[in-house]
Amino acid sequence: MHILQPKHTKLSEKEKNQLLEELRISVSQLPKILATDPALPEGCQKGDVIKIERKDEGETYTFYRVVV
């Protein structure tokens, strides 16, 4: 991982279900990320949800994407 690249983490099934329930959405409503994206952690497959943490001026912003 490059120093400028935000942290990408694969969510477990439990974390994924909690997130979807909390946001009251389905997996298909999440923004998408390609399975060929070099930033993805090893072993990611179609349907996995990725948590992206981006730091900016001391604050951390969190984004979620589904692998397609």
# chains A, B, ... in the order shown; residues from 1 in each chain; ligands from 1
call {"tool": "select_by_dssp", "arguments": {"residues": "chain A", "states": "alpha helix (DSSP H)", "output": "number ranges by chain"}}
result
A: 13-23
call {"tool": "write_last_selection", "arguments": {"atoms": "N, CA and C atoms", "output": "compact mmCIF listing (two decimals), in the first residue's frame"}}
result
# COMPACT_ATOMS: atom_id res chain seq x y z
N GLU A 13 -18.99 -10.70 7.19
CA GLU A 13 -20.43 -10.84 6.91
C GLU A 13 -21.25 -10.14 7.99
N LYS A 14 -20.84 -10.29 9.25
CA LYS A 14 -21.56 -9.67 10.37
C LYS A 14 -21.51 -8.15 10.25
N GLU A 15 -20.31 -7.60 9.99
CA GLU A 15 -20.16 -6.15 9.84
C GLU A 15 -20.96 -5.64 8.64
N LYS A 16 -20.94 -6.41 7.57
CA LYS A 16 -21.68 -6.05 6.35
C LYS A 16 -23.18 -5.97 6.64
N ASN A 17 -23.72 -6.98 7.32
CA ASN A 17 -25.14 -7.00 7.65
C ASN A 17 -25.52 -5.87 8.59
N GLN A 18 -24.66 -5.56 9.57
CA GLN A 18 -24.91 -4.45 10.49
C GLN A 18 -24.95 -3.12 9.74
N LEU A 19 -24.01 -2.92 8.82
CA LEU A 19 -23.95 -1.69 8.04
C LEU A 19 -25.21 -1.51 7.20
N LEU A 20 -25.61 -2.57 6.49
CA LEU A 20 -26.79 -2.50 5.64
C LEU A 20 -28.05 -2.24 6.45
N GLU A 21 -28.13 -2.85 7.64
CA GLU A 21 -29.29 -2.63 8.51
C GLU A 21 -29.30 -1.20 9.05
N GLU A 22 -28.13 -0.72 9.44
CA GLU A 22 -28.01 0.65 9.98
C GLU A 22 -28.38 1.70 8.93
N LEU A 23 -27.92 1.50 7.70
CA LEU A 23 -28.19 2.46 6.63
C LEU A 23 -29.54 2.21 5.95
call {"tool": "residues_around", "arguments": {"residues": "stretch 35-45 of chain A", "least_positions_apart": "3", "cutoff": "12 Å", "atoms": "only C-alpha atoms", "output": "list in words"}}
result
Met1, His2, Ile3, Leu4, Gln5, Pro6, Lys7, His8, Thr9, Lys10, Leu11, Ser12, Lys32, Asp48, Val49, Ile50, Lys51, Ile52, Arg65, Val66, Val67 and Val68 of chain A
call {"tool": "write_last_selection", "arguments": {"atoms": "C-alpha atoms", "output": "mmCIF file, in the first residue's frame"}}
result
data_model
loop_
_atom_site.group_PDB
_atom_site.id
_atom_site.type_symbol
_atom_site.label_atom_id
_atom_site.label_comp_id
_atom_site.auth_asym_id
_atom_site.auth_seq_id
_atom_site.Cartn_x
_atom_site.Cartn_y
_atom_site.Cartn_z
ATOM 1 C CA MET A 1 0.000 0.000 0.000
ATOM 2 C CA HIS A 2 1.271 3.440 -0.935
ATOM 3 C CA ILE A 3 1.456 6.141 1.754
ATOM 4 C CA LEU A 4 -1.033 8.333 -0.148
ATOM 5 C CA GLN A 5 -3.527 5.511 -0.694
ATOM 6 C CA PRO A 6 -6.486 5.415 1.732
ATOM 7 C CA LYS A 7 -6.887 2.321 3.904
ATOM 8 C CA HIS A 8 -9.127 -0.358 2.320
ATOM 9 C CA THR A 9 -10.602 -3.029 4.614
ATOM 10 C CA LYS A 10 -12.887 -5.946 3.727
ATOM 11 C CA LEU A 11 -15.903 -6.180 6.067
ATOM 12 C CA SER A 12 -16.920 -9.492 7.603
ATOM 13 C CA LYS A 32 -19.347 0.025 -6.738
ATOM 14 C CA ASP A 48 -17.790 -8.142 -0.712
ATOM 15 C CA VAL A 49 -18.166 -4.758 0.981
ATOM 16 C CA ILE A 50 -15.050 -2.614 1.357
ATOM 17 C CA LYS A 51 -14.569 0.090 3.986
ATOM 18 C CA ILE A 52 -12.357 2.961 2.792
ATOM 19 C CA ARG A 65 -18.101 0.205 -1.752
ATOM 20 C CA VAL A 66 -19.315 -3.155 -3.039
ATOM 21 C CA VAL A 67 -16.997 -5.213 -5.248
ATOM 22 C CA VAL A 68 -18.347 -5.908 -8.739
#
call {"tool": "select_by_dssp", "arguments": {"residues": "stretch 20-61 of chain A", "states": "strand (DSSP E or B)", "output": "ChimeraX atom specification"}}
result
/A:32-33,49-56,59-61
call {"tool": "decode", "arguments": {"residues": "stretch 14-30 of chain A", "atoms": "N, CA, C and O atoms", "output": "PDB file, in the first residue's frame"}}
result
ATOM      1  N   LYS A  14     -20.837 -10.289   9.246  1.00  0.00           N
ATOM      2  CA  LYS A  14     -21.559  -9.672  10.365  1.00  0.00           C
ATOM      3  C   LYS A  14     -21.506  -8.147  10.253  1.00  0.00           C
ATOM      4  O   LYS A  14     -22.524  -7.477  10.406  1.00  0.00           O
ATOM      5  N   GLU A  15     -20.315  -7.600   9.992  1.00  0.00           N
ATOM      6  CA  GLU A  15     -20.163  -6.153   9.842  1.00  0.00           C
ATOM      7  C   GLU A  15     -20.958  -5.638   8.644  1.00  0.00           C
ATOM      8  O   GLU A  15     -21.583  -4.584   8.711  1.00  0.00           O
ATOM      9  N   LYS A  16     -20.941  -6.407   7.574  1.00  0.00           N
ATOM     10  CA  LYS A  16     -21.679  -6.052   6.353  1.00  0.00           C
ATOM     11  C   LYS A  16     -23.175  -5.965   6.643  1.00  0.00           C
ATOM     12  O   LYS A  16     -23.835  -4.987   6.279  1.00  0.00           O
ATOM     13  N   ASN A  17     -23.723  -6.982   7.318  1.00  0.00           N
ATOM     14  CA  ASN A  17     -25.142  -7.001   7.645  1.00  0.00           C
ATOM     15  C   ASN A  17     -25.518  -5.867   8.592  1.00  0.00           C
ATOM     16  O   ASN A  17     -26.575  -5.252   8.435  1.00  0.00           O
ATOM     17  N   GLN A  18     -24.656  -5.556   9.570  1.00  0.00           N
ATOM     18  CA  GLN A  18     -24.906  -4.450  10.492  1.00  0.00           C
ATOM     19  C   GLN A  18     -24.948  -3.116   9.743  1.00  0.00           C
ATOM     20  O   GLN A  18     -25.818  -2.290   9.994  1.00  0.00           O
ATOM     21  N   LEU A  19     -24.013  -2.922   8.819  1.00  0.00           N
ATOM     22  CA  LEU A  19     -23.948  -1.688   8.038  1.00  0.00           C
ATOM     23  C   LEU A  19     -25.209  -1.514   7.202  1.00  0.00           C
ATOM     24  O   LEU A  19     -25.830  -0.442   7.202  1.00  0.00           O
ATOM     25  N   LEU A  20     -25.610  -2.568   6.494  1.00  0.00           N
ATOM     26  CA  LEU A  20     -26.790  -2.497   5.637  1.00  0.00           C
ATOM     27  C   LEU A  20     -28.055  -2.238   6.451  1.00  0.00           C
ATOM     28  O   LEU A  20     -28.923  -1.471   6.039  1.00  0.00           O
ATOM     29  N   GLU A  21     -28.135  -2.849   7.642  1.00  0.00           N
ATOM     30  CA  GLU A  21     -29.291  -2.631   8.511  1.00  0.00           C
ATOM     31  C   GLU A  21     -29.305  -1.199   9.046  1.00  0.00           C
ATOM     32  O   GLU A  21     -30.342  -0.544   9.077  1.00  0.00           O
ATOM     33  N   GLU A  22     -28.127  -0.717   9.437  1.00  0.00           N
ATOM     34  CA  GLU A  22     -28.008   0.646   9.978  1.00  0.00           C
ATOM     35  C   GLU A  22     -28.378   1.696   8.933  1.00  0.00           C
ATOM     36  O   GLU A  22     -29.072   2.668   9.234  1.00  0.00           O
ATOM     37  N   LEU A  23     -27.917   1.496   7.702  1.00  0.00           N
ATOM     38  CA  LEU A  23     -28.193   2.455   6.630  1.00  0.00           C
ATOM     39  C   LEU A  23     -29.539   2.213   5.950  1.00  0.00           C
ATOM     40  O   LEU A  23     -29.983   3.034   5.147  1.00  0.00           O
ATOM     41  N   ARG A  24     -30.166   1.062   6.261  1.00  0.00           N
ATOM     42  CA  ARG A  24     -31.454   0.669   5.676  1.00  0.00           C
ATOM     43  C   ARG A  24     -31.398   0.657   4.144  1.00  0.00           C
ATOM     44  O   ARG A  24     -32.229   1.253   3.459  1.00  0.00           O
ATOM     45  N   ILE A  25     -30.377  -0.030   3.640  1.00  0.00           N
ATOM     46  CA  ILE A  25     -30.192  -0.168   2.197  1.00  0.00           C
ATOM     47  C   ILE A  25     -29.852  -1.613   1.867  1.00  0.00           C
ATOM     48  O   ILE A  25     -29.583  -2.413   2.759  1.00  0.00           O
ATOM     49  N   SER A  26     -29.821  -1.926   0.578  1.00  0.00           N
ATOM     50  CA  SER A  26     -29.379  -3.249   0.133  1.00  0.00           C
ATOM     51  C   SER A  26     -27.983  -3.099  -0.474  1.00  0.00           C
ATOM     52  O   SER A  26     -27.533  -1.987  -0.747  1.00  0.00           O
ATOM     53  N   VAL A  27     -27.322  -4.210  -0.694  1.00  0.00           N
ATOM     54  CA  VAL A  27     -25.968  -4.193  -1.253  1.00  0.00           C
ATOM     55  C   VAL A  27     -25.944  -3.491  -2.615  1.00  0.00           C
ATOM     56  O   VAL A  27     -25.009  -2.763  -2.929  1.00  0.00           O
ATOM     57  N   SER A  28     -26.998  -3.680  -3.407  1.00  0.00           N
ATOM     58  CA  SER A  28     -27.046  -3.098  -4.754  1.00  0.00           C
ATOM     59  C   SER A  28     -27.105  -1.571  -4.733  1.00  0.00           C
ATOM     60  O   SER A  28     -26.828  -0.925  -5.739  1.00  0.00           O
ATOM     61  N   GLN A  29     -27.433  -0.982  -3.589  1.00  0.00           N
ATOM     62  CA  GLN A  29     -27.519   0.470  -3.483  1.00  0.00           C
ATOM     63  C   GLN A  29     -26.188   1.117  -3.098  1.00  0.00           C
ATOM     64  O   GLN A  29     -26.079   2.344  -3.132  1.00  0.00           O
ATOM     65  N   LEU A  30     -25.204   0.308  -2.733  1.00  0.00           N
ATOM     66  CA  LEU A  30     -23.882   0.848  -2.408  1.00  0.00           C
ATOM     67  C   LEU A  30     -23.144   1.221  -3.689  1.00  0.00           C
ATOM     68  O   LEU A  30     -23.327   0.587  -4.731  1.00  0.00           O
TER      69      LEU A  30
END
